[in-house]
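Visitor: Coordinates in my_file-v3.txt, compact mmCIF, C-alpha atoms, are listed below.
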# COMPACT_ATOMS: atom_id res chain seq x y z
CA MET X 6 -163.16 104.68 119.13
CA ARG X 7 -161.37 101.42 118.35
CA PHE X 8 -160.87 99.08 121.23
CA VAL X 9 -157.48 98.29 122.64
CA THR X 10 -157.82 94.50 122.64
CA PRO X 11 -155.15 92.01 123.63
CA VAL X 12 -156.58 89.49 121.19
CA ALA X 13 -154.65 89.86 117.95
CA LEU X 14 -156.44 88.87 114.77
CA ALA X 15 -153.40 87.51 112.98
CA LEU X 16 -153.36 85.52 109.78
CA ALA X 17 -150.52 83.02 109.55
CA LEU X 18 -150.75 81.09 106.32
CA ALA X 19 -147.88 79.62 104.35
CA LEU X 20 -147.43 80.93 100.84
CA THR X 21 -148.88 77.75 99.40
CA GLY X 22 -150.76 76.48 102.42
CA GLY X 23 -153.89 74.39 102.64
CA ALA X 24 -156.10 77.05 101.09
CA VAL X 25 -154.32 76.66 97.75
CA SER X 26 -155.30 73.17 96.74
CA ALA X 27 -156.14 72.93 93.06
CA PRO X 28 -154.12 70.31 91.19
CA ALA X 29 -152.05 72.99 89.46
CA PHE X 30 -151.02 74.34 92.91
CA ALA X 31 -150.59 71.17 94.92
CA ALA X 32 -149.84 71.45 98.61
CA LYS X 33 -146.63 70.01 100.00
CA LYS X 34 -146.69 66.28 100.59
CA ASP X 35 -146.32 66.59 104.35
CA GLU X 36 -149.32 68.88 104.75
CA LYS X 37 -152.13 67.08 106.53
CA LYS X 38 -154.98 69.52 105.79
CA ALA X 39 -156.13 69.95 102.24
CA GLY X 40 -158.59 72.47 100.96
CA PRO X 41 -161.60 71.66 98.78
CA LYS X 42 -161.07 69.70 95.57
CA LEU X 43 -161.66 72.21 92.83
CA ASN X 44 -162.42 72.11 89.15
CA VAL X 45 -160.72 75.30 88.05
CA SER X 46 -161.13 76.63 84.52
CA PRO X 47 -158.01 76.19 82.33
CA ASP X 48 -157.88 79.91 81.50
CA VAL X 49 -157.98 80.79 85.20
CA ILE X 50 -155.24 78.25 85.98
CA LYS X 51 -153.05 79.80 83.32
CA SER X 52 -153.43 83.30 84.81
CA LEU X 53 -152.85 82.03 88.33
CA GLN X 54 -149.73 80.18 87.27
CA ALA X 55 -148.43 83.50 85.95
CA ALA X 56 -149.37 85.15 89.24
CA GLN X 57 -147.57 82.52 91.28
CA LYS X 58 -144.44 82.78 89.13
CA ALA X 59 -144.46 86.56 89.61
CA MET X 60 -144.88 86.12 93.37
CA GLU X 61 -141.86 83.82 93.50
CA ALA X 62 -139.89 86.54 91.74
CA GLN X 63 -141.20 89.14 94.23
CA ASP X 64 -142.79 91.01 91.33
CA PHE X 65 -145.96 91.91 93.15
CA ALA X 66 -147.23 94.36 90.56
CA ALA X 67 -147.12 91.66 87.88
CA ALA X 68 -148.75 89.16 90.27
CA LYS X 69 -151.63 91.56 90.94
CA THR X 70 -152.12 92.10 87.22
CA ALA X 71 -152.25 88.34 86.71
CA VAL X 72 -154.85 87.74 89.44
CA ALA X 73 -156.94 90.59 88.07
CA ASP X 74 -156.80 88.80 84.70
CA ALA X 75 -157.90 85.59 86.42
CA ASP X 76 -160.84 87.47 87.96
CA SER X 77 -161.98 88.54 84.51
CA LYS X 78 -162.05 84.89 83.38
CA ALA X 79 -163.74 83.36 86.44
CA LYS X 80 -166.87 81.37 85.66
CA SER X 81 -167.58 79.33 88.78
CA ASN X 82 -167.27 79.35 92.57
CA ASP X 83 -164.34 76.95 92.18
CA ASP X 84 -162.59 79.59 90.08
CA LYS X 85 -163.42 82.36 92.54
CA TYR X 86 -162.23 80.37 95.54
CA GLN X 87 -158.93 79.49 93.89
CA ILE X 88 -158.35 83.06 92.77
CA GLY X 89 -159.12 84.24 96.29
CA ALA X 90 -156.63 81.77 97.73
CA ILE X 91 -153.84 83.04 95.48
CA LYS X 92 -154.84 86.62 96.25
CA LEU X 93 -154.65 85.84 99.96
CA ASN X 94 -151.12 84.49 99.64
CA LEU X 95 -150.19 87.49 97.53
CA SER X 96 -151.68 89.91 100.05
CA ILE X 97 -149.62 88.37 102.84
CA THR X 98 -146.32 88.45 100.97
CA SER X 99 -146.94 91.95 99.62
CA LYS X 100 -148.45 93.20 102.92
CA ASP X 101 -151.51 94.55 101.11
CA THR X 102 -154.38 94.79 103.61
CA ALA X 103 -156.96 95.87 101.03
CA LEU X 104 -156.12 92.89 98.83
CA GLN X 105 -156.29 90.60 101.84
CA SER X 106 -159.80 91.81 102.60
CA GLU X 107 -160.81 91.30 98.98
CA ALA X 108 -159.32 87.79 98.98
CA LEU X 109 -161.02 86.70 102.19
CA ASN X 110 -164.41 87.95 101.07
CA GLN X 111 -164.00 86.30 97.68
CA MET X 112 -163.17 82.95 99.29
CA LEU X 113 -165.98 83.21 101.84
CA ASP X 114 -168.53 84.25 99.24
CA SER X 115 -167.63 81.20 97.14
CA GLY X 116 -169.01 78.98 99.88
CA LEU X 117 -165.99 76.69 99.60
CA THR X 118 -163.87 77.88 102.55
CA PRO X 119 -162.90 74.84 104.69
CA PRO X 120 -164.71 74.74 108.04
CA GLU X 121 -161.43 74.91 109.99
CA GLN X 122 -160.64 78.26 108.33
CA ALA X 123 -164.14 79.76 108.11
CA GLY X 124 -164.14 81.17 111.64
CA GLN X 125 -160.75 82.84 111.39
CA PHE X 126 -161.37 84.17 107.88
CA ASN X 127 -164.75 85.64 108.86
CA ALA X 128 -163.25 87.20 112.01
CA ILE X 129 -160.50 88.91 110.05
CA ALA X 130 -162.93 90.00 107.34
CA ALA X 131 -165.18 91.46 110.04
CA ASP X 132 -162.33 93.45 111.57
CA GLN X 133 -161.23 94.73 108.17
CA ALA X 134 -164.80 95.74 107.29
CA LEU X 135 -164.99 97.61 110.58
CA GLN X 136 -161.82 99.52 109.76
CA ALA X 137 -163.27 100.35 106.34
CA LYS X 138 -166.45 101.62 108.11
CA ASN X 139 -168.55 98.98 106.36
CA TYR X 140 -170.47 98.18 109.52
CA ASP X 141 -173.16 95.91 108.09
CA VAL X 142 -170.52 93.68 106.52
CA ALA X 143 -168.58 93.71 109.80
CA LEU X 144 -171.69 92.48 111.60
CA GLN X 145 -172.40 89.84 108.96
CA ARG X 146 -168.88 88.47 109.00
CA GLY X 147 -168.54 88.68 112.77
CA GLN X 148 -171.74 86.73 113.32
CA ALA X 149 -170.57 84.14 110.80
CA ALA X 150 -167.28 83.82 112.70
CA LEU X 151 -169.15 83.15 115.93
CA ALA X 152 -171.39 80.64 114.19
CA ALA X 153 -168.22 78.86 113.01
CA GLY X 154 -167.02 78.64 116.62
CA TYR X 155 -164.28 81.26 116.42
CA LYS X 156 -162.98 83.01 119.56
CA ALA X 157 -165.75 85.12 121.07
CA GLU X 158 -163.21 87.28 122.90
CA ALA X 159 -161.85 88.32 119.50
CA VAL X 160 -165.10 88.67 117.58
CA GLN X 161 -167.55 90.16 120.09
CA PRO X 162 -165.58 93.41 120.53
CA THR X 163 -165.63 93.85 116.75
CA LEU X 164 -169.40 93.37 116.74
CA ALA X 165 -169.74 95.81 119.64
CA GLN X 166 -167.79 98.48 117.76
CA ALA X 167 -169.87 97.96 114.64
CA TYR X 168 -173.13 98.34 116.59
CA PHE X 169 -171.82 101.44 118.38
CA ALA X 170 -170.75 102.92 115.05
CA LYS X 171 -174.22 102.33 113.62
CA ALA X 172 -175.69 104.03 116.69
CA GLY X 173 -173.46 107.06 116.13
CA THR X 174 -172.99 109.78 118.71
CA THR X 175 -176.00 112.05 118.11
CA ASN X 176 -179.23 111.54 120.04
CA VAL X 177 -178.38 107.94 120.86
CA SER X 178 -181.22 107.77 123.38
CA ALA X 179 -183.70 107.61 120.46
CA GLU X 180 -184.39 104.60 118.24
CA PRO X 181 -182.84 103.02 116.28
CA ALA X 182 -179.59 104.26 117.85
CA ARG X 183 -180.69 103.17 121.32
CA GLY X 184 -181.31 99.63 120.07
CA PHE X 185 -177.93 99.49 118.34
CA THR X 186 -176.31 100.65 121.57
CA GLN X 187 -178.05 97.89 123.52
CA GLN X 188 -176.85 95.30 120.99
CA GLY X 189 -173.36 96.72 121.20
CA LEU X 190 -173.37 96.51 124.99
CA ALA X 191 -174.59 92.92 124.84
CA ALA X 192 -171.75 92.04 122.45
CA LEU X 193 -169.20 93.85 124.58
CA LYS X 194 -170.36 92.03 127.72
CA ALA X 195 -170.21 88.69 125.87
CA GLY X 196 -166.67 89.53 124.79
CA ALA X 197 -165.67 90.41 128.35
CA ASP X 198 -167.19 87.19 129.68
CA ALA X 199 -165.32 85.20 127.03
CA MET X 200 -162.07 86.91 128.01
CA LYS X 201 -162.60 85.91 131.63
CA ALA X 202 -163.50 82.34 130.63
CA SER X 203 -160.26 82.07 128.65
CA GLY X 204 -158.26 83.23 131.66
CA GLN X 205 -157.37 86.64 130.25
CA PRO X 206 -157.85 89.96 132.05
CA VAL X 207 -160.58 92.14 130.58
CA PRO X 208 -159.30 95.58 129.54
CA VAL X 209 -160.80 98.16 131.90
CA GLN X 210 -161.38 100.33 128.85
CA TRP X 211 -164.12 97.94 127.70
CA TYR X 212 -166.14 98.59 130.86
CA GLN X 213 -165.50 102.32 130.69
CA ILE X 214 -166.75 102.37 127.10
CA GLY X 215 -169.81 100.47 128.35
CA VAL X 216 -170.43 103.17 130.96
CA SER X 217 -170.04 105.91 128.37
CA ARG X 218 -172.33 104.25 125.82
CA ALA X 219 -175.02 103.30 128.32
CA GLU X 220 -174.93 106.79 129.83
CA ALA X 221 -175.28 108.47 126.44
CA ALA X 222 -178.26 106.28 125.53
CA LYS X 223 -179.84 106.78 128.98
CA LEU X 224 -179.91 103.04 129.62
CA PRO X 225 -180.50 101.81 133.18
CA GLU X 226 -177.68 99.28 132.93
CA VAL X 227 -175.18 102.14 133.13
CA THR X 228 -174.86 101.41 136.86
CA GLU X 229 -173.97 97.78 136.17
CA TRP X 230 -171.26 98.87 133.75
CA ALA X 231 -169.92 101.34 136.30
CA LYS X 232 -169.80 98.58 138.91
CA TRP X 233 -167.90 96.27 136.52
CA ALA X 234 -165.47 99.08 135.72
CA TYR X 235 -164.84 99.61 139.42
CA GLU X 236 -164.38 95.90 140.08
CA ALA X 237 -161.93 95.69 137.17
CA ALA X 238 -159.98 98.74 138.39
CA PRO X 239 -160.88 99.47 142.01
CA ASN X 240 -159.78 103.07 142.16
CA GLY X 241 -161.38 106.22 143.47
CA GLU X 242 -162.18 107.55 140.02
CA ASN X 243 -164.24 104.51 139.02
CA LEU X 244 -165.94 104.37 142.40
CA ARG X 245 -166.77 108.07 142.09
CA THR X 246 -168.57 107.34 138.81
CA LEU X 247 -170.57 104.61 140.52
CA VAL X 248 -171.47 106.86 143.45
CA ARG X 249 -172.51 109.77 141.24
CA LEU X 250 -174.76 107.48 139.20
CA PHE X 251 -176.38 106.28 142.43
CA GLN X 252 -176.97 109.84 143.59
CA ARG X 253 -178.49 110.82 140.27
CA ALA X 254 -180.79 107.80 140.29
CA ASN X 255 -181.85 108.55 143.88
CA PRO X 256 -182.37 112.33 144.08
CA SER X 257 -184.60 112.11 147.16
CA ILE X 258 -182.12 110.44 149.52
CA SER X 259 -181.74 112.15 152.89
CA ASN X 260 -178.76 114.22 153.95
CA ARG X 261 -177.79 111.43 156.33
CA GLU X 262 -177.85 108.83 153.55
CA ASN X 263 -175.92 111.15 151.27
CA LEU X 264 -173.29 111.65 153.98
CA ASP X 265 -172.72 107.90 154.16
CA VAL X 266 -172.27 107.77 150.38
CA LEU X 267 -169.79 110.65 150.44
CA ARG X 268 -167.91 108.97 153.27
CA LEU X 269 -167.26 106.15 150.80
CA LEU X 270 -165.66 108.61 148.39
CA GLY X 271 -163.52 109.90 151.23
CA ALA X 272 -162.42 106.39 152.18
CA SER X 273 -161.53 105.43 148.60
CA ASP X 274 -159.77 108.60 147.42
CA GLY X 275 -162.78 109.36 145.26
CA LEU X 276 -162.93 113.02 146.25
CA VAL X 277 -161.52 114.63 143.13
CA ILE X 278 -162.68 118.22 142.72
CA ALA X 279 -163.45 121.05 145.14
CA ALA X 280 -167.19 120.44 144.85
CA ASP X 281 -166.72 116.88 146.16
CA TYR X 282 -165.06 118.08 149.35
CA LEU X 283 -167.55 120.89 149.86
CA GLU X 284 -170.57 118.62 149.34
CA TYR X 285 -169.17 116.16 151.87
CA ALA X 286 -168.49 118.94 154.41
CA GLU X 287 -171.96 120.37 153.88
CA MET X 288 -173.67 117.03 154.54
CA ALA X 289 -171.58 116.53 157.70
CA SER X 290 -172.45 120.05 158.84
CA LYS X 291 -176.18 119.61 158.21
CA THR X 292 -176.21 116.46 160.34
CA GLY X 293 -174.14 117.96 163.17
CA ILE X 294 -170.95 115.92 162.65
CA TYR X 295 -168.55 118.78 163.39
CA GLY X 296 -165.33 116.78 163.56
CA GLU X 297 -165.91 115.42 160.08
CA VAL X 298 -166.52 118.90 158.65
CA LYS X 299 -163.07 119.94 159.85
CA THR X 300 -161.40 116.72 158.73
CA VAL X 301 -162.71 116.76 155.15
CA ILE X 302 -161.95 120.45 154.58
CA ASP X 303 -158.46 120.04 156.05
CA LYS X 304 -157.90 117.14 153.68
CA GLY X 305 -159.06 119.14 150.66
CA ARG X 306 -156.80 122.02 151.59
CA SER X 307 -153.78 119.80 152.24
CA LYS X 308 -154.16 118.30 148.76
CA GLY X 309 -154.48 121.73 147.20
CA THR X 310 -157.97 120.99 145.89
CA LEU X 311 -159.46 123.60 148.22
CA ASN X 312 -157.84 126.96 148.82
CA ALA X 313 -157.58 128.53 152.27
CA SER X 314 -160.94 130.29 152.02
CA GLN X 315 -163.07 127.61 150.39
CA GLY X 316 -165.48 125.96 152.81
CA GLY X 317 -164.85 128.65 155.40
CA ASP X 318 -168.58 129.16 156.02
CA LEU X 319 -168.76 125.52 157.13
CA TYR X 320 -165.31 125.19 158.67
CA GLN X 321 -165.30 128.06 161.16
CA PRO X 322 -168.64 127.27 162.86
CA ALA X 323 -167.70 123.57 163.08
CA VAL X 324 -164.29 124.26 164.63
CA ALA X 325 -165.93 126.55 167.19
CA LYS X 326 -168.22 123.73 168.34
CA ILE X 327 -165.76 120.85 168.45
CA ALA X 328 -164.29 121.40 171.93
CA GLY X 329 -167.68 121.68 173.59
CA ASP X 330 -169.05 118.75 171.64
CA LYS X 331 -166.16 116.49 172.59
CA SER X 332 -166.49 117.40 176.27
CA THR X 333 -169.99 115.91 176.37
CA LEU X 334 -169.13 112.52 174.89
CA GLY X 335 -168.14 110.82 178.15
CA ALA X 336 -171.46 111.74 179.76
CA ALA X 337 -173.31 110.75 176.60
CA GLU X 338 -171.76 107.28 176.76
CA ALA X 339 -172.95 106.88 180.35
CA ASP X 340 -176.43 108.10 179.44
CA ALA X 341 -176.54 105.71 176.50
CA GLN X 342 -175.91 102.75 178.80
CA LYS X 343 -178.83 103.74 181.04
CA ALA X 344 -181.27 104.80 178.32
CA ALA X 345 -184.39 102.81 177.53
CA ASN X 346 -183.62 102.79 173.81
CA GLY X 347 -180.62 103.16 171.55
CA LYS X 348 -181.11 106.74 170.33
CA ILE X 349 -178.46 108.31 172.57
CA ALA X 350 -176.03 105.50 171.74
CA ALA X 351 -176.59 106.03 167.99
CA ALA X 352 -176.03 109.79 168.26
CA THR X 353 -172.89 109.26 170.34
CA GLY X 354 -171.64 106.74 167.78
CA ASP X 355 -172.20 109.36 165.07
CA ALA X 356 -170.03 111.84 166.95
CA TYR X 357 -167.22 109.35 167.57
CA LEU X 358 -167.33 108.34 163.90
CA GLY X 359 -166.93 111.99 162.91
CA TYR X 360 -163.92 112.36 165.18
CA GLY X 361 -162.25 109.24 163.78
CA ASP X 362 -162.60 107.16 166.97
CA TYR X 363 -163.85 104.10 165.13
CA ALA X 364 -163.63 101.62 168.01
CA LYS X 365 -165.84 103.72 170.29
CA ALA X 366 -168.18 104.51 167.38
CA ALA X 367 -168.63 100.79 166.67
CA ALA X 368 -169.26 100.06 170.35
CA MET X 369 -171.96 102.75 170.51
CA PHE X 370 -173.66 101.51 167.33
CA GLU X 371 -173.64 97.95 168.70
CA LEU X 372 -175.28 99.26 171.88
CA ALA X 373 -177.87 101.15 169.85
CA LYS X 374 -178.77 97.96 167.99
CA GLN X 375 -179.03 96.04 171.25
CA LYS X 376 -181.35 98.58 172.88
CA GLY X 377 -183.48 99.14 169.78
CA GLY X 378 -185.83 102.01 169.03
CA VAL X 379 -183.53 103.28 166.26
CA ASP X 380 -183.37 103.10 162.47
CA ALA X 381 -181.68 99.69 162.24
CA ASP X 382 -180.63 100.15 158.62
CA GLU X 383 -178.91 103.45 159.36
CA VAL X 384 -177.20 102.09 162.46
CA ASN X 385 -175.97 98.99 160.59
CA THR X 386 -174.70 101.18 157.76
CA ARG X 387 -172.73 103.34 160.14
CA LEU X 388 -171.52 100.36 162.13
CA GLY X 389 -170.21 98.97 158.84
CA ILE X 390 -168.48 102.27 158.08
CA ALA X 391 -166.87 102.41 161.52
CA LYS X 392 -165.63 98.83 161.17
CA THR X 393 -164.38 99.46 157.63
CA LEU X 394 -162.40 102.51 158.66
CA GLY X 395 -161.21 100.69 161.78
CA GLY X 396 -159.85 97.80 159.73
CA ASP X 397 -162.43 95.11 160.61
CA THR X 398 -163.39 94.08 157.07
CA ALA X 399 -165.29 90.92 158.03
CA GLY X 400 -167.30 92.75 160.71
CA ALA X 401 -167.99 95.59 158.30
CA LYS X 402 -169.31 93.25 155.62
CA ALA X 403 -171.61 91.53 158.12
CA ALA X 404 -173.01 94.91 159.22
CA PHE X 405 -173.60 96.09 155.66
CA GLU X 406 -175.26 92.81 154.73
CA SER X 407 -177.73 93.38 157.60
CA VAL X 408 -179.07 96.51 155.89
CA GLN X 409 -182.40 95.61 154.36
CA GLY X 410 -184.38 98.63 153.19
CA GLY X 411 -184.61 100.87 150.12
CA SER X 412 -181.85 103.28 149.26
CA ARG X 413 -180.00 102.38 152.46
CA LYS X 414 -179.52 98.86 151.07
CA GLN X 415 -178.03 100.37 147.92
CA VAL X 416 -175.68 102.53 150.00
CA ALA X 417 -174.57 99.43 151.87
CA GLY X 418 -174.10 97.65 148.54
CA LEU X 419 -171.69 100.36 147.41
CA TRP X 420 -169.64 99.86 150.57
CA ILE X 421 -169.67 96.09 150.04
CA SER X 422 -168.32 96.62 146.52
CA TYR X 423 -165.54 98.72 148.03
CA LEU X 424 -164.75 96.04 150.63
CA GLY X 425 -164.65 93.39 147.92
CA THR X 426 -161.91 95.17 146.03
CA LYS X 427 -160.08 96.78 148.93
CA GLY X 428 -157.16 94.37 148.80
CA ALA X 429 -157.07 94.04 145.03
As structure tokens, please, write out the structure in this file.

Guide:
Amino acid sequence: MRFVTPVALALALALTGGAVSAPAFAAKKDEKKAGPKLNVSPDVIKSLQAAQKAMEAQDFAAAKTAVADADSKAKSNDDKYQIGAIKLNLSITSKDTALQSEALNQMLDSGLTPPEQAGQFNAIAADQALQAKNYDVALQRGQAALAAGYKAEAVQPTLAQAYFAKAGTTNVSAEPARGFTQQGLAALKAGADAMKASGQPVPVQWYQIGVSRAEAAKLPEVTEWAKWAYEAAPNGENLRTLVRLFQRANPSISNRENLDVLRLLGASDGLVIAADYLEYAEMASKTGIYGEVKTVIDKGRSKGTLNASQGGDLYQPAVAKIAGDKSTLGAAEADAQKAANGKIAAATGDAYLGYGDYAKAAAMFELAKQKGGVDADEVNTRLGIAKTLGGDTAGAKAAFESVQGGSRKQVAGLWISYLGTKGA
């Protein structure tokens, strides 16, 4: 896959610009930059004069024949550089990409390319080698372009693609493909950082390619790439990827923790397929949050993702319990105020959260924290969720940042990422 990059590698040289600088092909008097002073063989000069005359007449076939003749007579690096310079001009006027690549490499290999052109020439040569699937040359030229100080945002993506191409697509979790993938990811990240530093937006595709490549190679940094992709494009699809990676990396999380992760998908429009809605409803059912079971299945059905019968085994029992459950909440609030610890308050907060009464849920979770005797990390997580859904972003962030332990801290981190991009 070739990247869609906003950085265009464009070559803009005049027909007889600074690169063409031998006495027989003098630059215009007003040009300030001159190329290297060359001692070109007389026979080569003669052939190149014929090439230039043919170029002026727009006879590109004759010009190419003449530069090929010059190639056959070349004896020194001066000759090769000058031939390459004429070839480069010819390639531009005749729009011959293959000849342009040949010219650039000939000039670079001569060792005489002016420093102010070395970076650009190497960058273009790297990109052309990549297109020709000559990945080692692409890497060599790309690294030379960076060494010459050329734009990292243009060169690093080329290096990344070359490394990924060397890694291939088969068994990339094994060496050496895994190592090439890691090098490619490092180059891609460097390119993204350079884009940001230059004030340009990073294409979301770069981060998504990073997720795909890291996932295929089974690299732990896949989660970082998923987070960057979400931050670059804070949509439900990218957040869903991040959440699913978290779940896979933490297979032993409790049903209650999993419910709080799935609530994030619900809040961010990250519920995409029927299985997403059913998993969410199942976790709510297993933890006795009946109102939420009904809400999530109703949502899936209204969007057409669930049909009228899907989730029925969860939906019907939950609906049957809702009226009775709601009727006890007033008394539960009173009991929570009198209780010696915060357990009743936390359970009542859970119920209110499931019914979408976020203000009362937050009040109950605050009371549970005050009285103590509860899982503080869980209560702070759910307080953060209630405040998020109730519109109190600052209060939600403070609650999530209070979560300190294990996988709960990671769950809170996912919600913080969501809060950070909510208004983007």

Visitor: What is the distance between atom CA of X:Ala367 and atom CA of X:Thr353, in Å to one decimal?

Guide: 10.2 Å

Visitor: Given only C-alpha atoms as the basis, pick out the residue of X:Ala337, X:Ile129, X:Ala286, X:Ala221 nearest to X:Gln321.

Guide: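 With only C-alpha atoms as the atom set, the closest residue is X:Ala286.
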
Visitor: For X:Ala170, which residue among X:Ala137, X:Val266, X:Leu388, X:Ile278 is the nearest when counting only C-alpha atoms?

Guide: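 Closest residue, counting only C-alpha atoms: X:Ala137.
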
Visitor: Each residue of stretch 191-224 of chain X lying at most 8 Å from stretch 161-166 of chain X should get a row with its shortest atom-to-atom pair and the distance in Å to one decimal, counting all atoms listed in the file; could you produce that, ordered by chain and increasing number, as CSV?

Guide:
residue,atom,partner,partner_atom,distance
X:Ala191,CA,X:Ala165,CA,7.7
X:Ala192,CA,X:Ala165,CA,5.1
X:Leu193,CA,X:Ala165,CA,5.3
X:Ala195,CA,X:Gln161,CA,6.5
X:Gly196,CA,X:Gln161,CA,4.8

Visitor: Kindly indicate which residue among X:Ala150, X:Lys69, X:Tyr168, X:Leu190 lies nearest to X:Lys138, using only C-alpha atoms for the distances.

Guide: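 Of the candidates, the smallest distance to X:Lys138 is held by X:Tyr168.
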
Visitor: Please, what distance in Å, to one decimal, runs between atom CA of X:Gln409 and atom CA of X:Ala381?

Guide: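 One can read the atom CA of X:Gln409 to atom CA of X:Ala381 distance as 8.9 Å.
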
Visitor: Near X:Pro322, within 10 Å and counting only C-alpha atoms, which residues show up once chain neighbours fewer than 4 positions away are dropped, as JSON, numbers by chain?

Guide: {"X": [290, 295, 298, 299, 317, 318, 326, 327]}

Visitor: Out of X:Gln205, X:Ser81, X:Asn243, X:Gln375, which residue has the shortest atom-to-atom distance to X:Leu419 when counting all atoms listed in the file?

Guide: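 For X:Leu419, the nearest of the given residues is X:Asn243.
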
Visitor: Got a sec: who's within 10 Å of X:Val277, counting all atoms listed in the file, leaving out chain neighbours fewer than 4 positions off, as a list in words?

Guide: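 Once the nearby chain positions are removed, what remains is Gly241, Glu242, Arg245, Leu270, Gly271, Asp281, Tyr282, Gly305, Lys308 and Thr310 of chain X.
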
Visitor: Expressed in Å to a single decimal, how great is the separation between atom CA of X:Gln415 and atom CA of X:Ser273?

Guide: 17.3 Å

Visitor: So which one's closest to X:Ala67, X:Asn110, X:Ser99, X:Ser46, X:Asn240? Using all atoms listed in the file, please.

Guide: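 For X:Ala67, the nearest of the given residues is X:Ser99.
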
Visitor: Please list as an MDAnalysis selection string every residue within 10 Å of X:Met200, counting all atoms listed in the file and excluding residues in the same chain fewer than 4 positions away.

Guide: chainID X and resid 11:12 156:159 194:196 204:208

Visitor: In terms of the shortest atom-to-atom distance over only C-alpha atoms, which of X:Glu262, X:Glu371, X:Ala336, X:Gly354 is closest to X:Ser412?

Guide: X:Glu262

Visitor: As a ChimeraX atom specification, please: the residues near X:Glu284 (cut-off 9 Å, all atoms listed in the file, same-chain neighbours under 5 positions excluded).

Guide: /X:264,267,279,289

Visitor: Give me the residues near X:Ile258 as a PyMOL selection string, where near means some atom within 9 Å (using all atoms listed in the file) and where sequence neighbours in that chain fewer than 5 positions away do not count.

Guide: chain X and resi 252+263+412-413
